[in-house]
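Asker: Handing you a structure now.
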Amino acid sequence: MKQYDVNGHEPSFLPDGDWELVWSDEFDGTELDTSKWDFRMAMMGKKWPAWTDKGVSLDGNSNVVFTLIEENGMPVSSQLQTGYNFMDEPVVKTTCFGEDLQWNIGKLHESKYLHSYGYYECRCRLQQKPGWWSAFWIQSPTIGASLDSRRTGTEIDIMESFAPGDIITHCVHSGGYGLDKQSFGTGENRSLDKEVFHRFGVLWDENGYTFYIDGNETGKTDKNPSDVTEFILISTEVMGYRHEPHVPCKEAFDAIGDTFVVDYVRVFDKKTK
């Protein structure tokens, strides 16, 4: 790995080769750049009760802070994304050609940023208390629309932390989230110092995905290759909402006020000669 300096900010650790920065958010200032990010509020056709658009703030020191907050007596948190999955938006009653025919996809939205091959990196400090989790990942707008991941994309899980300081294996998923879902993991579970910032990255190319933590290779796979442009997510979620009876876990109430802090998100392309 080699260091790539960004003026006035922490450097990136990049794989060998010549790279150029093509997209980033350093989270300067005091307001979220909504030309780059939107809040993810729905999942699989339903508004998701674990998510809010009020759990994110910029601290004025080039960090975006995700805070576990309380709304209507329940703990909730936020997810940010640069694009949209076509199956997330809730379905609204419609007709087709004046007939009583329902198209079972919600309103489609124009993504803010999509990209394919390159190196993606996030520097962040993990959540400090149990009851919620954090992640840095990439998703296709059309994942599951075909059986061919090269044509319709893959979910690329660069970092997922389900307990303070613990990082699970990197994963890639294709085929959507139903009967055709395919999932492959690489690397191993790790424990990191939750008090300090860490860098999480993936090199995505035509051969697959190579994952890195703090400049060290931690996993590699050629499974579920994607050739399509995809969008970036940095996210948190309260535990419990995904399991019956779909309520937050007790630990989440105790963790209200806890934070997950992101210093930057960057995308690099290899320079062409």
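Labels for the structure tokens follow display order: chains A, B, ..., residues from 1 in each chain, ligands from 1.
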Can you tell me, as a list in words, which residues in segment 50-117 of chain A count as strand (DSSP E) by DSSP?

Answerer: Val56, Ser57, Leu58, Val64, Val65, Phe66, Thr67, Ile69, Glu70, Glu71, Met74, Pro75, Val76, Gln79, Leu80 and Gln81 of chain A

Asker: Just want the 9 Å neighbourhood of Lys223 of chain A, counted on only C-alpha atoms, with same-chain residues fewer than 5 positions away dropped. Output as a PDB file with C-alpha atoms, in the first residue's frame.

Answerer:
ATOM      1  CA  VAL A 172     -20.527 -10.130  -1.482  1.00  0.00           C
ATOM      2  CA  HIS A 173     -24.176 -10.857  -2.271  1.00  0.00           C
ATOM      3  CA  SER A 183     -23.620 -14.892  -0.586  1.00  0.00           C
ATOM      4  CA  PHE A 184     -19.888 -15.410  -0.209  1.00  0.00           C
ATOM      5  CA  ASN A 207     -11.548  -9.976 -11.468  1.00  0.00           C
ATOM      6  CA  GLY A 208     -13.522  -9.384  -8.266  1.00  0.00           C
ATOM      7  CA  TYR A 209     -12.855  -7.724  -4.928  1.00  0.00           C
TER       8      TYR A 209
END

Asker: Taking 4 positions as the minimum chain separation for residues in the same chain, which residues sit within 7 Å of Met1 of chain A when counting only C-alpha atoms? Answer as an MDAnalysis selection string.

Answerer: chainID A and resid 13:16 215

Asker: Please produce a file of those selected residues containing N, CA and C atoms, as an mmCIF file, in the first residue's frame.

Answerer:
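Full text of out.cif as output:
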data_model
loop_
_atom_site.group_PDB
_atom_site.id
_atom_site.type_symbol
_atom_site.label_atom_id
_atom_site.label_comp_id
_atom_site.auth_asym_id
_atom_site.auth_seq_id
_atom_site.Cartn_x
_atom_site.Cartn_y
_atom_site.Cartn_z
ATOM 1 N N PHE A 13 -4.728 5.191 2.197
ATOM 2 C CA PHE A 13 -3.773 4.106 1.962
ATOM 3 C C PHE A 13 -4.261 3.322 0.760
ATOM 4 N N LEU A 14 -3.502 3.372 -0.346
ATOM 5 C CA LEU A 14 -3.957 2.808 -1.605
ATOM 6 C C LEU A 14 -3.126 1.616 -2.040
ATOM 7 N N PRO A 15 -3.741 0.680 -2.788
ATOM 8 C CA PRO A 15 -2.962 -0.414 -3.369
ATOM 9 C C PRO A 15 -1.923 0.139 -4.339
ATOM 10 N N ASP A 16 -0.929 -0.689 -4.656
ATOM 11 C CA ASP A 16 0.108 -0.268 -5.590
ATOM 12 C C ASP A 16 -0.505 0.118 -6.935
ATOM 13 N N GLY A 215 -4.819 -0.479 5.616
ATOM 14 C CA GLY A 215 -3.731 -0.672 4.668
ATOM 15 C C GLY A 215 -3.272 -2.096 4.493
#

Asker: Pick out the closest residue to Met41 of chain A from this set: A:Glu188, A:Thr236, A:Ala163, A:Trp23. Count only C-alpha atoms.

Answerer: A:Thr236

Asker: Quick one: residues within 8 Å of segment 240-252 of chain A, only C-alpha atoms counted, chain neighbours fewer than 5 positions away excluded, as an NGL selection string?

Answerer: :A and (49-50 or 74-75 or 130-132)

Asker: So the first atom is atom CA of Lys112 of chain A and the second is atom CA of Asp38 of chain A; what is the distance between them in Å, to one decimal place?

Answerer: 8.2 Å

Asker: Near Thr30 of chain A, within 8 Å and counting only C-alpha atoms, which residues show up once chain neighbours fewer than 5 positions away are dropped, as JSON, numbers by chain?

Answerer: {"A": [57, 58, 59, 60]}

Asker: Write out, as a PDB file, in the first residue's frame, the residues just selected, with C-alpha atoms.

Answerer:
ATOM      1  CA  SER A  57     -24.757  15.946  11.716  1.00  0.00           C
ATOM      2  CA  LEU A  58     -21.404  17.458  10.760  1.00  0.00           C
ATOM      3  CA  ASP A  59     -19.214  18.360  13.728  1.00  0.00           C
ATOM      4  CA  GLY A  60     -17.279  21.208  12.069  1.00  0.00           C
TER       5      GLY A  60
END

Asker: Please, which residues of segment 33-221 of chain A, numbered as in this document, come out alpha helix (DSSP H) from DSSP, as an MDAnalysis selection string?

Answerer: chainID A and resid 149:152

Asker: Would you mind exporting the chosen residues as a PDB file, in the first residue's frame, restricted to N, CA and C atoms?

Answerer:
ATOM      1  N   SER A 149     -24.800 -11.468 -12.137  1.00  0.00           N
ATOM      2  CA  SER A 149     -24.316 -10.338 -11.334  1.00  0.00           C
ATOM      3  C   SER A 149     -23.532  -9.347 -12.173  1.00  0.00           C
ATOM      4  N   ARG A 150     -22.919  -9.778 -13.253  1.00  0.00           N
ATOM      5  CA  ARG A 150     -22.177  -8.829 -14.100  1.00  0.00           C
ATOM      6  C   ARG A 150     -23.122  -7.831 -14.744  1.00  0.00           C
ATOM      7  N   ARG A 151     -24.357  -8.225 -15.004  1.00  0.00           N
ATOM      8  CA  ARG A 151     -25.324  -7.353 -15.666  1.00  0.00           C
ATOM      9  C   ARG A 151     -26.131  -6.518 -14.686  1.00  0.00           C
ATOM     10  N   THR A 152     -26.420  -7.064 -13.504  1.00  0.00           N
ATOM     11  CA  THR A 152     -27.315  -6.342 -12.600  1.00  0.00           C
ATOM     12  C   THR A 152     -26.733  -6.096 -11.210  1.00  0.00           C
TER      13      THR A 152
END

Asker: Just want the 10 Å neighbourhood of Glu71 of chain A, counted on only C-alpha atoms, with same-chain residues fewer than 2 positions away dropped. Output as an MDAnalysis selection string.

Answerer: chainID A and resid 50:52 54 68:69 73:77

Asker: Output the selection as a PDB file, in the first residue's frame - C-alpha atoms for each residue.

Answerer:
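Ended up saving to out_5.pdb:
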ATOM      1  CA  ALA A  50     -35.394   1.808  12.405  1.00  0.00           C
ATOM      2  CA  TRP A  51     -34.302   4.757  10.233  1.00  0.00           C
ATOM      3  CA  THR A  52     -34.564   8.507  10.549  1.00  0.00           C
ATOM      4  CA  LYS A  54     -32.489  13.348  11.815  1.00  0.00           C
ATOM      5  CA  LEU A  68     -28.504   6.877  17.902  1.00  0.00           C
ATOM      6  CA  ILE A  69     -31.464   9.073  18.837  1.00  0.00           C
ATOM      7  CA  GLY A  73     -40.058   6.788  22.437  1.00  0.00           C
ATOM      8  CA  MET A  74     -38.043   4.437  20.200  1.00  0.00           C
ATOM      9  CA  PRO A  75     -34.290   4.350  19.381  1.00  0.00           C
ATOM     10  CA  VAL A  76     -33.554   5.018  15.693  1.00  0.00           C
ATOM     11  CA  SER A  77     -30.548   5.963  13.562  1.00  0.00           C
TER      12      SER A  77
END

Asker: Extract, using only C-alpha atoms, all DNA, RNA and protein residues at most 9 Å from Phe162 of chain A, discarding same-chain residues fewer than 3 positions from it, and format them as a short mmCIF file (atom, residue, chain, number, x, y, z; two decimals) with N, CA and C atoms, in the first residue's frame.

Answerer:
data_model
loop_
_atom_site.label_atom_id
_atom_site.label_comp_id
_atom_site.auth_asym_id
_atom_site.auth_seq_id
_atom_site.Cartn_x
_atom_site.Cartn_y
_atom_site.Cartn_z
N PRO A 130 -23.20 -1.42 22.52
CA PRO A 130 -24.01 -2.43 21.81
C PRO A 130 -25.44 -1.95 21.61
N GLY A 131 -26.15 -2.66 20.72
CA GLY A 131 -27.55 -2.33 20.47
C GLY A 131 -27.80 -1.77 19.09
N TRP A 132 -26.75 -1.41 18.38
CA TRP A 132 -26.88 -0.95 17.00
C TRP A 132 -25.61 -1.29 16.26
N TRP A 133 -25.64 -1.21 14.91
CA TRP A 133 -24.46 -1.58 14.14
C TRP A 133 -24.16 -0.55 13.06
N SER A 134 -22.96 -0.63 12.52
CA SER A 134 -22.51 0.30 11.48
C SER A 134 -21.97 -0.47 10.29
N ALA A 135 -21.93 0.19 9.12
CA ALA A 135 -21.47 -0.48 7.91
C ALA A 135 -21.03 0.54 6.87
N GLY A 165 -16.22 -2.59 18.18
CA GLY A 165 -14.86 -3.07 17.96
C GLY A 165 -14.76 -4.33 17.15
N ASP A 166 -15.87 -5.02 16.89
CA ASP A 166 -15.84 -6.29 16.16
C ASP A 166 -16.23 -6.06 14.70
N ILE A 167 -15.43 -6.61 13.77
CA ILE A 167 -15.67 -6.52 12.35
C ILE A 167 -15.90 -7.93 11.81
N ILE A 168 -17.02 -8.16 11.11
CA ILE A 168 -17.26 -9.49 10.57
C ILE A 168 -16.56 -9.63 9.22
N MET A 239 -30.61 -2.66 16.33
CA MET A 239 -30.91 -4.09 16.31
C MET A 239 -32.31 -4.37 16.85
#

Asker: Find the residue from A:Val228, A:Leu192, A:Val6, A:Leu80 that sits nearest to Leu114 of chain A; use only C-alpha atoms when measuring.

Answerer: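 Ranking A:Val228, A:Leu192, A:Val6, A:Leu80 by distance to Leu114 of chain A, first place goes to A:Val228.
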
Asker: Measuring between only C-alpha atoms, which one of A:Leu203, A:Ile105, A:Cys122, A:Leu147 shows the shortest distance to Asp25 of chain A?

Answerer: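 Checking each candidate against Asp25 of chain A, we get A:Cys122 as the closest.
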
Asker: Find the residue from A:Val262, A:Ala255, A:Val22, A:Ile156 that sits nearest to Thr210 of chain A; use only C-alpha atoms when measuring.

Answerer: A:Ile156

Asker: I need the residue nearest Gly178 of chain A from this list: A:Met44, A:Met159, A:Glu121, A:Tyr113. Use only C-alpha atoms for the distance.

Answerer: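 Answer, going by the shortest atom-to-atom distance: A:Met44.
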
Asker: One decimal, in Å: what's the spacing between atom CA of Ser111 of chain A and atom CA of Asn61 of chain A?

Answerer: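 Going from atom CA of Ser111 of chain A over to atom CA of Asn61 of chain A, I get 27.6 Å.
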
Asker: So what do you get for atom CA of Ser116 of chain A versus atom CA of Asn104 of chain A, distance-wise?

Answerer: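 Computing it gives 27.8 Å between the two atoms.
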
Asker: Which residue is closest to Gly45 of chain A? Choose from A:Asp88, A:Asp258, A:Asp100, A:Glu70 and count only C-alpha atoms.

Answerer: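 Among the listed residues, the smallest separation from Gly45 of chain A belongs to A:Asp88.
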
Asker: For the contact check between segment 123-194 of chain A and segment 63-66 of chain A, emit one row per residue of segment 123-194 of chain A within 10 Å, containing the shortest atom pair and the distance in Å rounded to one decimal, counting only C-alpha atoms, chain then rising number order, as a tab-separated table.

Answerer:
residue	atom	partner	partner_atom	distance
A:Arg123	CA	A:Asn63	CA	9.8
A:Cys124	CA	A:Asn63	CA	8.8
A:Arg125	CA	A:Val65	CA	9.7
A:Gln127	CA	A:Phe66	CA	9.0
A:Ser134	CA	A:Phe66	CA	9.3

Asker: Give me a file of those residues, with C-alpha atoms, as a short mmCIF file (atom, residue, chain, number, x, y, z; two decimals), in the first residue's frame.

Answerer:
data_model
loop_
_atom_site.label_atom_id
_atom_site.label_comp_id
_atom_site.auth_asym_id
_atom_site.auth_seq_id
_atom_site.Cartn_x
_atom_site.Cartn_y
_atom_site.Cartn_z
CA ARG A 123 -12.07 6.25 7.53
CA CYS A 124 -14.28 5.96 10.59
CA ARG A 125 -14.54 5.40 14.32
CA GLN A 127 -19.89 2.82 17.57
CA SER A 134 -22.51 0.30 11.48
#
